Amino acid sequence: MVPGADHLWELKRVLYDAPYPNEEKETPYEGFTYEAIVPVDFTLHLANQADIQSLFRMTPYCWKTPKAGVERMEALENLDCQASFRIHIFKKL
């Protein structure tokens with residue numbers, strides 16, 4: 001499972017001045033062939049600052065976000081944020 005292009009996009013827009021989408025690509029593995037890539041997309045409704053902080057702390061953004069981005073995030077009262085994943089399914093040759 002890997003993040004989709006727009007995974008946590010709304011959070012990234014708050015944290016960074018110039019966010020960019022995640023790269024989506026196939027990663028071949030020797031001895032396997034792709035069966036499918038299954039998208040899983042849903043919206044997270046973060047109703048308060050504690051929920052926003054909980055999400056933020058479980059991401060790599062927690063230790064690499066500029067101070068100004070953290071301050072913008074800390075000013076939010078709520079946030080609707082897209083979660084986007086791609087499940088890569090392989091078949092052994």
# chains A, B, ... in the order shown; residues from 1 in each chain; ligands from 1
>>> select_by_dssp(residues="segment 14-64 of chain A", states="strand (DSSP E)", output="ChimeraX atom specification")
/A:32-46
>>> residues_around(residues="Thr65 of chain A", least_positions_apart="3", cutoff="12 Å", atoms="only C-alpha atoms", output="NGL selection string")
:A and (11-19 or 56-57 or 59-62 or 68-73)
>>> closest_residue(among="A:Lys67, A:Asn22, A:Pro3, A:Asp80", to="Gln49 of chain A", atoms="only C-alpha atoms")
A:Asp80
>>> select_by_dssp(residues="segment 27-65 of chain A", states="helix (DSSP H, G or I)", output="list of chain:residue names")
A:Gln49, A:Ala50, A:Asp51, A:Ile52, A:Gln53, A:Ser54, A:Leu55, A:Phe56, A:Arg57, A:Tyr61, A:Cys62, A:Trp63, A:Lys64
>>> closest_residue(among="A:Tyr34, A:Val40, A:Lys92, A:Ala75", to="Met1 of chain A", atoms="only C-alpha atoms")
A:Val40
